[in-house]
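Have a look at my_file.txt below; it lists compact mmCIF, C-alpha atoms and all ligand atoms.
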```
# COMPACT_ATOMS: atom_id res chain seq x y z
CA MET I 70 121.29 122.04 85.11
CA PHE I 71 124.63 122.50 86.89
CA ILE I 72 127.76 120.40 87.27
CA ILE I 73 129.31 121.66 90.48
CA ASN I 74 132.13 120.53 92.73
CA ALA I 75 130.29 121.20 95.97
CA PRO I 76 131.78 121.23 99.48
CA VAL I 77 130.55 118.76 102.09
CA GLU I 78 129.47 120.54 105.27
CA LYS I 79 129.00 117.41 107.37
CA THR I 80 127.88 113.80 107.44
CA ILE I 81 125.29 112.87 110.03
CA GLU I 82 124.64 109.25 110.98
CA LEU I 83 121.03 108.68 112.02
CA ASP I 84 119.71 105.50 113.63
CA ASN I 85 119.68 102.28 111.62
CA LYS I 86 122.88 103.14 109.68
CA ILE I 87 121.16 105.85 107.67
CA PHE I 88 123.36 108.76 106.61
CA LEU I 89 122.55 112.38 105.85
CA LEU I 90 125.07 114.31 103.80
CA LYS I 91 124.82 118.09 104.12
CA ILE I 92 126.24 119.87 101.08
CA ARG I 93 126.76 123.57 100.50
CA CYS I 94 125.56 124.51 97.03
CA ALA I 95 123.41 127.62 96.72
CA GLU I 96 122.98 127.24 92.95
CA ILE I 97 121.19 123.90 93.34
CA ALA I 98 119.57 124.49 96.75
CA SER I 99 117.84 127.61 95.42
CA ILE I 100 116.11 125.91 92.50
CA ILE I 101 115.70 122.18 93.22
CA ARG I 102 112.13 120.97 93.86
CA PRO I 103 110.94 118.04 96.01
CA GLY I 104 111.24 114.75 94.11
CA GLN I 105 114.00 115.98 91.80
CA PHE I 106 117.32 114.22 92.03
CA LEU I 107 121.06 114.71 91.62
CA ASN I 108 123.52 112.47 89.83
CA ILE I 109 126.64 112.28 91.95
CA ARG I 110 130.19 111.33 91.10
CA VAL I 111 131.32 109.95 94.44
CA SER I 112 135.05 109.85 93.75
CA LYS I 113 137.67 111.82 91.87
CA THR I 114 139.13 108.56 90.49
CA ILE I 115 137.51 106.71 87.58
CA TYR I 116 136.15 104.08 89.99
CA PRO I 117 133.22 103.88 90.46
CA LEU I 118 132.78 105.02 86.87
CA LEU I 119 129.10 105.90 86.86
CA ARG I 120 127.43 108.66 88.81
CA ARG I 121 124.88 107.57 91.43
CA PRO I 122 121.39 109.15 91.52
CA PHE I 123 120.02 110.49 94.84
CA SER I 124 116.81 112.36 95.64
CA VAL I 125 117.15 115.68 97.37
CA CYS I 126 116.11 114.91 100.94
CA ASP I 127 115.89 118.43 102.29
CA VAL I 128 116.98 122.00 101.65
CA GLU I 129 117.99 124.68 104.18
CA GLY I 130 119.21 127.99 102.77
CA GLU I 131 122.31 127.35 100.68
CA PHE I 132 122.52 123.70 101.80
CA PHE I 133 120.87 120.56 100.53
CA TYR I 134 120.81 117.12 102.13
CA LEU I 135 121.02 113.60 100.70
CA MET I 136 119.84 110.53 102.63
CA PHE I 137 121.21 107.04 101.97
CA ASN I 138 122.37 103.78 103.50
CA ILE I 139 125.47 101.84 102.53
CA LEU I 140 124.53 99.53 99.68
CA GLY I 141 127.63 99.22 97.49
CA GLU I 142 130.89 100.97 96.73
CA GLY I 143 129.37 104.36 95.86
CA THR I 144 127.40 104.82 99.05
CA LYS I 145 130.34 103.44 101.10
CA ILE I 146 132.54 106.23 99.71
CA LEU I 147 129.82 108.84 100.28
CA ALA I 148 129.38 107.80 103.93
CA GLU I 149 133.07 108.53 104.54
CA LYS I 150 132.90 112.13 103.29
CA HIS I 151 133.50 114.87 105.84
CA PHE I 152 133.90 118.62 106.13
CA GLY I 153 136.46 119.84 103.60
CA ASP I 154 135.75 117.14 101.00
CA THR I 155 133.93 118.00 97.80
CA ILE I 156 131.56 115.99 95.64
CA ASP I 157 130.78 116.43 91.97
CA VAL I 158 127.04 117.07 91.65
CA LEU I 159 125.01 117.07 88.42
CA GLY I 160 121.50 118.47 88.66
CA PRO I 161 118.77 119.27 89.45
CA LEU I 162 117.42 116.39 87.32
CA GLY I 163 113.96 114.98 86.67
CA ASN I 164 110.53 116.47 87.16
CA GLY I 165 109.71 116.34 90.89
CA PHE I 166 106.37 116.07 92.70
CA ASN I 167 103.54 118.49 91.96
CA ILE I 168 102.61 119.75 95.41
CA ASN I 169 100.14 122.36 94.13
CA GLY I 170 96.51 121.54 93.56
CA SER I 171 93.13 121.51 95.23
CA TYR I 172 93.72 118.68 97.71
CA ASP I 173 93.43 119.36 101.49
CA THR I 174 95.67 116.60 102.84
CA ALA I 175 98.99 115.26 101.59
CA VAL I 176 99.39 111.57 102.36
CA ILE I 177 103.04 110.53 102.32
CA VAL I 178 103.71 106.85 101.71
CA GLY I 179 107.35 105.84 102.15
CA GLY I 180 108.85 102.35 102.15
CA GLY I 181 112.39 102.00 103.54
CA LEU I 182 114.72 104.52 101.90
CA GLY I 183 111.76 105.66 99.83
CA ALA I 184 111.32 108.09 102.72
CA ALA I 185 114.28 110.11 101.38
CA PRO I 186 112.47 112.77 99.27
CA PHE I 187 109.77 113.55 101.84
CA PRO I 188 111.38 115.83 104.46
CA TYR I 189 111.77 118.45 101.71
CA LEU I 190 108.29 117.84 100.29
CA ILE I 191 106.77 118.25 103.77
CA ARG I 192 108.82 121.41 104.37
CA GLU I 193 107.63 122.88 101.06
CA ILE I 194 103.97 122.05 101.76
CA GLY I 195 104.40 123.89 105.09
CA ASN I 196 101.15 124.69 106.84
CA ASN I 197 99.16 125.01 103.61
CA LYS I 198 97.78 121.47 103.83
CA LYS I 199 97.42 118.73 106.42
CA VAL I 200 100.08 116.01 106.17
CA TYR I 201 99.81 112.34 107.21
CA SER I 202 102.89 110.13 106.86
CA PHE I 203 102.54 106.36 106.39
CA ILE I 204 105.98 104.80 106.76
CA GLY I 205 106.76 101.14 106.21
CA GLY I 206 109.62 98.69 106.34
CA LYS I 207 110.30 94.98 106.54
CA THR I 208 111.36 95.36 110.20
CA HIS I 209 111.79 98.25 112.65
CA ASN I 210 115.35 98.65 111.31
CA ASP I 211 113.99 99.74 107.93
CA VAL I 212 111.60 102.41 109.22
CA ILE I 213 112.79 105.99 108.56
CA THR I 214 110.73 108.74 110.14
CA TYR I 215 113.23 111.60 109.81
CA GLY I 216 111.42 114.84 108.86
CA MET I 217 107.94 113.26 108.84
CA LYS I 218 104.68 114.58 110.38
CA ASN I 219 101.67 112.70 111.86
CA ILE I 220 103.39 109.35 111.49
CA SER I 221 101.77 105.90 111.20
CA ILE I 222 104.12 102.94 110.92
CA ALA I 223 103.76 99.44 109.49
CA THR I 224 106.33 96.63 109.51
CA ASP I 225 106.01 93.28 107.78
CA ASP I 226 107.13 91.44 110.94
CA GLY I 227 105.20 93.63 113.39
CA SER I 228 108.39 94.70 115.20
CA LEU I 229 107.16 98.33 115.10
CA GLY I 230 103.65 99.69 114.61
CA TYR I 231 101.01 97.87 112.60
CA LYS I 232 101.88 94.30 111.52
CA GLY I 233 101.49 94.13 107.75
CA THR I 234 102.33 96.17 104.69
CA ILE I 235 101.95 99.91 104.48
CA VAL I 236 99.12 99.43 101.95
CA ASP I 237 97.32 97.17 104.46
CA LEU I 238 97.62 100.03 106.95
CA LEU I 239 96.25 102.52 104.41
CA GLN I 240 93.31 100.18 103.91
CA GLU I 241 92.77 100.07 107.71
CA SER I 242 92.81 103.89 107.67
CA ILE I 243 90.39 104.23 104.76
CA GLU I 244 87.81 106.25 106.72
CA LEU I 245 90.44 108.83 107.68
CA LEU I 246 91.66 109.00 104.08
CA LYS I 247 88.13 109.43 102.73
CA SER I 248 87.30 112.18 105.24
CA SER I 249 89.16 114.84 103.23
CA LYS I 250 90.39 115.48 99.70
CA ILE I 251 93.74 113.73 99.66
CA LYS I 252 96.69 113.45 97.33
CA ILE I 253 99.12 110.58 97.86
CA PHE I 254 102.88 111.04 97.35
CA ALA I 255 104.79 107.76 97.38
CA CYS I 256 108.29 106.36 97.02
CA GLY I 257 109.57 102.90 97.87
CA PRO I 258 110.10 99.39 96.53
CA ASN I 259 108.29 98.41 93.34
CA ALA I 260 106.18 95.78 95.14
CA MET I 261 104.85 98.52 97.44
CA LEU I 262 104.18 100.88 94.52
CA ARG I 263 102.34 98.16 92.56
CA SER I 264 100.09 97.37 95.49
CA LEU I 265 99.56 101.10 96.14
CA LYS I 266 98.55 101.58 92.51
CA ASP I 267 95.76 98.97 92.86
CA PHE I 268 94.64 100.61 96.11
CA CYS I 269 94.54 104.10 94.54
CA ILE I 270 92.69 102.98 91.42
CA LYS I 271 90.12 101.08 93.51
CA ASN I 272 89.51 104.11 95.74
CA ASN I 273 89.94 106.76 93.06
CA PHE I 274 92.77 108.48 94.96
CA ASP I 275 95.09 110.90 93.18
CA CYS I 276 98.63 109.55 93.55
CA GLU I 277 102.12 110.43 92.34
CA VAL I 278 104.92 107.90 92.72
CA SER I 279 108.66 108.42 92.54
CA THR I 280 110.16 105.44 90.71
CA GLU I 281 113.70 104.07 90.74
CA CYS I 282 115.86 102.16 88.33
CA ALA I 283 119.54 101.87 87.51
CA MET I 284 120.70 104.98 85.65
CA ALA I 285 123.73 106.14 83.71
CA CYS I 286 123.51 109.67 82.26
CA GLY I 287 120.52 110.88 84.32
CA PHE I 288 119.20 113.31 81.69
CA GLY I 289 117.78 111.41 78.73
CA ILE I 290 120.79 110.65 76.53
CA CYS I 291 121.68 106.98 77.10
CA GLN I 292 118.08 105.59 76.99
CA GLY I 293 119.10 103.34 79.90
CA CYS I 294 116.14 103.91 82.23
CA PRO I 295 112.90 102.99 80.40
CA ILE I 296 109.60 102.48 82.21
CA GLU I 297 106.52 101.11 80.46
CA SER I 298 103.77 103.66 79.93
CA THR I 299 100.01 103.06 79.95
CA LYS I 300 99.49 105.91 77.48
CA GLN I 301 98.71 105.15 73.83
CA SER I 302 101.11 107.87 72.69
CA ASP I 303 104.30 106.53 74.35
CA LYS I 304 105.12 102.87 74.89
CA TYR I 305 108.08 103.75 77.10
CA LEU I 306 109.03 106.80 79.15
CA LEU I 307 112.44 107.59 80.64
CA VAL I 308 112.61 107.58 84.44
CA CYS I 309 115.35 110.23 84.50
CA LYS I 310 113.76 112.71 82.09
CA ASP I 311 109.99 112.06 82.11
CA GLY I 312 110.10 111.07 85.81
CA PRO I 313 111.20 109.97 88.29
CA VAL I 314 107.75 111.09 89.48
CA PHE I 315 104.72 109.81 87.56
CA ASN I 316 100.99 109.78 88.08
CA VAL I 317 100.55 106.19 89.25
CA LYS I 318 97.98 105.57 86.47
CA ASP I 319 100.47 106.49 83.72
CA VAL I 320 103.10 103.77 84.28
CA ILE I 321 103.39 100.01 84.60
CA ILE I 322 105.52 99.38 87.67
C1 LIG V 401 115.88 108.84 90.87
C2 LIG V 401 116.59 108.05 91.94
C3 LIG V 401 116.67 108.56 93.23
C4 LIG V 401 117.33 107.84 94.24
N1 LIG V 401 117.39 108.36 95.50
C5 LIG V 401 118.03 107.70 96.45
C6 LIG V 401 118.14 108.24 97.76
O1 LIG V 401 117.66 109.34 98.05
N2 LIG V 401 118.80 107.51 98.69
C7 LIG V 401 119.36 106.29 98.40
O2 LIG V 401 119.95 105.66 99.29
N3 LIG V 401 119.26 105.75 97.19
C8 LIG V 401 118.63 106.43 96.21
N4 LIG V 401 118.56 105.89 94.95
C9 LIG V 401 119.22 104.61 94.71
C10 LIG V 401 120.72 104.87 94.58
O3 LIG V 401 121.01 105.55 93.40
C11 LIG V 401 121.46 103.56 94.61
O4 LIG V 401 121.19 102.92 95.82
C12 LIG V 401 122.94 103.84 94.52
O5 LIG V 401 123.24 104.08 93.18
C13 LIG V 401 123.74 102.71 95.05
O6 LIG V 401 125.09 103.01 94.77
P1 LIG V 401 126.22 102.06 95.31
O7 LIG V 401 127.44 102.34 94.50
O8 LIG V 401 126.35 102.19 96.79
O9 LIG V 401 125.70 100.62 95.03
P2 LIG V 401 125.91 99.76 93.70
O10 LIG V 401 127.23 99.07 93.85
O11 LIG V 401 125.69 100.58 92.50
O12 LIG V 401 124.74 98.77 93.88
C14 LIG V 401 124.65 97.88 94.96
C15 LIG V 401 123.46 96.97 94.71
O13 LIG V 401 122.25 97.76 94.65
C16 LIG V 401 121.59 97.58 93.42
N5 LIG V 401 121.03 98.88 93.03
C17 LIG V 401 121.72 99.97 92.62
N6 LIG V 401 120.87 100.98 92.32
C18 LIG V 401 119.64 100.52 92.56
C19 LIG V 401 118.34 101.09 92.44
N7 LIG V 401 118.14 102.32 91.99
N8 LIG V 401 117.29 100.31 92.75
C20 LIG V 401 117.45 99.06 93.18
N9 LIG V 401 118.66 98.45 93.31
C21 LIG V 401 119.73 99.18 93.00
C22 LIG V 401 122.65 97.10 92.46
O14 LIG V 401 122.07 96.34 91.41
C23 LIG V 401 123.51 96.26 93.35
O15 LIG V 401 122.98 94.99 93.55
C24 LIG V 401 117.91 106.59 93.94
C25 LIG V 401 117.83 106.07 92.64
C26 LIG V 401 117.17 106.79 91.65
C27 LIG V 401 117.08 106.22 90.27
S1 LIG V 402 119.73 107.46 82.65
FE1 LIG V 402 120.32 107.93 80.62
S2 LIG V 402 118.42 108.17 79.61
FE2 LIG V 402 117.87 107.92 81.70
```

Give the structure from this file in structure tokens form.
Amino acid sequence: MFIINAPVEKTIELDNKIFLLKIRCAEIASIIRPGQFLNIRVSKTIYPLLRRPFSVCDVEGEFFYLMFNILGEGTKILAEKHFGDTIDVLGPLGNGFNINGSYDTAVIVGGGLGAAPFPYLIREIGNNKKVYSFIGGKTHNDVITYGMKNISIATDDGSLGYKGTIVDLLQESIELLKSSKIKIFACGPNAMLRSLKDFCIKNNFDCEVSTECAMACGFGICQGCPIESTKQSDKYLLVCKDGPVFNVKDVII
């Protein structure tokens, strides 16, 4: 784990007010895995006090990318960074997705900014497996397809793609999903993950989910990020240390 003051290469604004921050940091870019995250101090002043956690969105050589939208003070400051600025990065943190295994097809399920970790995951899978991406949002404004492959879209209001939730669309696509050995990789709002969990258990699909919660330290010290476990051995797990990626059967979302 590194704490590095890393230079910003550039900030890219995509559609829908989504930002990509390209950061030069060979130490982290060379070892971080898809689904791991970084805890970022956005400012050199004491405000905002706490670091903000962000998934690694992609890696290219000595650079890594973060993807975010402006939610509060931290992301507002991040969106204003430009070439020559530095940010204080702590990481890599967390466990990441397990992309190895005997499945033939990776099924990406992303809701809103839950799409953030998947460009890197898809890059790392490469041509070893087939990839289908199921991307959802409340409206077309919330749909992020950056870095995705073989994309199917669902919006709650029908303003883009299938009208309904992304899990409804997975259900509609059940024959395609059952035609090969799939593994589902998901990230998004808790309501989506809960519904996906029921769908995966019903259909016996292997599924890993990246979960989110408010965090402070990011590496298991403050005990501030518990998630309820379904295992007899542990009542609670820590999202930052034991996750953020869990087998969907192992946690209560
Ligand atoms: C492991 C992990 C990975 C993440 N990856 C990304 C990412 O790749 N891209 C991205 O945009 N965001 C990501 N997030 C969420 C991100 O950390 C928060 O959106 C960010 O801290 C907001 O900072 P802020 O200062 O702009 O907003 P704040 O002022 O901190 O918050 C603004 C509002 O958002 C709420 N909020 C803050 N954090 C969360 C959260 N985690 N879940 C739900 N509501 C929250 C606050 O309660 C508040 O109402 C991730 C979170 C975790 C735990
Ligand atoms: S954020 Fe401190 S223990 Fe998880």

Around the point (91.9, 115.8, 105.1), in the coordinates given by the file, pick out the residues reaching within 12 Å, counting only C-alpha atoms, and return them as a ChimeraX atom specification. /I:171-176,197-201,243-253

For the contact check between chain I and ligand LIG 401 (chain V), emit one row per residue of chain I within 7 Å, containing the shortest atom pair and the distance in Å rounded to one decimal, counting all atoms listed in the file, chain then rising number order, as a Markdown table.
```
| residue | atom | partner | partner_atom | distance |
| --- | --- | --- | --- | --- |
| I:Phe106 | CA | V:LIG401 | C1 | 5.7 |
| I:Arg121 | CA | V:LIG401 | O5 | 4.2 |
| I:Pro122 | CA | V:LIG401 | O3 | 4.1 |
| I:Phe123 | CA | V:LIG401 | N1 | 3.4 |
| I:Ser124 | CA | V:LIG401 | O1 | 4.0 |
| I:Val125 | CA | V:LIG401 | O1 | 6.4 |
| I:Cys126 | CA | V:LIG401 | O1 | 6.5 |
| I:Leu135 | CA | V:LIG401 | O1 | 6.0 |
| I:Met136 | CA | V:LIG401 | N2 | 5.1 |
| I:Phe137 | CA | V:LIG401 | O2 | 3.3 |
| I:Asn138 | CA | V:LIG401 | O2 | 5.2 |
| I:Ile139 | CA | V:LIG401 | O8 | 5.8 |
| I:Leu140 | CA | V:LIG401 | O8 | 4.3 |
| I:Gly141 | CA | V:LIG401 | O8 | 3.3 |
| I:Glu142 | CA | V:LIG401 | O7 | 4.3 |
| I:Gly143 | CA | V:LIG401 | O7 | 3.1 |
| I:Thr144 | CA | V:LIG401 | O8 | 3.6 |
| I:Lys145 | CA | V:LIG401 | O8 | 6.0 |
| I:Leu182 | CA | V:LIG401 | O2 | 6.0 |
| I:Ala185 | CA | V:LIG401 | O1 | 4.8 |
| I:Pro186 | CA | V:LIG401 | O1 | 6.3 |
| I:Thr280 | CA | V:LIG401 | C1 | 6.7 |
| I:Glu281 | CA | V:LIG401 | C27 | 4.0 |
| I:Cys282 | CA | V:LIG401 | N7 | 4.3 |
| I:Ala283 | CA | V:LIG401 | N7 | 4.7 |
| I:Met284 | CA | V:LIG401 | C27 | 6.0 |
| I:Cys309 | CA | V:LIG401 | C1 | 6.5 |
| I:Pro313 | CA | V:LIG401 | C1 | 5.5 |
```

Atom CA of I:Ile235 and atom CA of I:Ser221, how far apart in Å?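 Here the two named atoms are 9.0 Å from each other.
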
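Atom CA of I:Val314 sits 20.5 Å away from atom CA of I:Asn272.
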
As a quick test: using only C-alpha atoms and all ligand atoms, which residues lie no more than 12 Å away from ligand LIG 402 (chain V)? Give them as a PyMOL selection string. chain I and resi 106-108+119-122+162-163+281-296+305-313

Interatomic distance (Å, one decimal) between atom CA of I:Cys269 and atom CA of I:Gly195: 24.5 Å

Around all the atoms of stretch 101-107 of chain I listed in the file, draw an axis-aligned box and extend it by 8 Å on each of the six sides; I want its centre and edge lengths in Å to one decimal, as AutoDock Vina command-line options.
```
--center_x 116.0 --center_y 118.2 --center_z 93.8 --size_x 26.1 --size_y 24.0 --size_z 20.4
```

I'd like the neighbourhood of I:Met70 as a ChimeraX atom specification, where a residue qualifies if any of its atoms comes within 9 Å (using all atoms listed in the file), though same-chain residues fewer than 5 positions away should be ignored. /I:97,159-162

Residue nearest I:Gly181 - candidates I:Cys256, I:Ile220, I:Val158, I:Val128, atoms counted: all atoms listed in the file: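 Closest to I:Gly181, using all atoms listed in the file: I:Cys256.
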
Provide stretch 291-302 of chain I rebuilt to N, CA and C atoms, formatted as a compact mmCIF listing (two decimals), in the frame of the given file.
```
# COMPACT_ATOMS: atom_id res chain seq x y z
N CYS I 291 121.24 108.38 77.32
CA CYS I 291 121.68 106.98 77.10
C CYS I 291 120.52 106.01 76.87
N GLN I 292 119.29 106.43 77.14
CA GLN I 292 118.08 105.59 76.99
C GLN I 292 118.12 104.38 77.93
N GLY I 293 118.87 104.49 79.03
CA GLY I 293 119.10 103.34 79.90
C GLY I 293 118.10 103.18 81.03
N CYS I 294 117.03 103.98 81.06
CA CYS I 294 116.14 103.91 82.23
C CYS I 294 114.67 103.88 81.81
N PRO I 295 114.29 102.97 80.86
CA PRO I 295 112.90 102.99 80.40
C PRO I 295 111.92 102.47 81.44
N ILE I 296 110.71 103.02 81.40
CA ILE I 296 109.60 102.48 82.21
C ILE I 296 108.41 102.41 81.27
N GLU I 297 107.65 101.31 81.39
CA GLU I 297 106.52 101.11 80.46
C GLU I 297 105.39 102.08 80.80
N SER I 298 104.83 102.67 79.75
CA SER I 298 103.77 103.66 79.93
C SER I 298 102.41 103.02 79.65
N THR I 299 101.36 103.55 80.26
CA THR I 299 100.01 103.06 79.95
C THR I 299 99.37 103.94 78.87
N LYS I 300 100.07 104.99 78.46
CA LYS I 300 99.49 105.91 77.48
C LYS I 300 99.64 105.34 76.07
N GLN I 301 98.66 105.61 75.22
CA GLN I 301 98.71 105.15 73.83
C GLN I 301 99.87 105.82 73.09
N SER I 302 100.14 107.07 73.45
CA SER I 302 101.11 107.87 72.69
C SER I 302 102.56 107.42 72.89
```
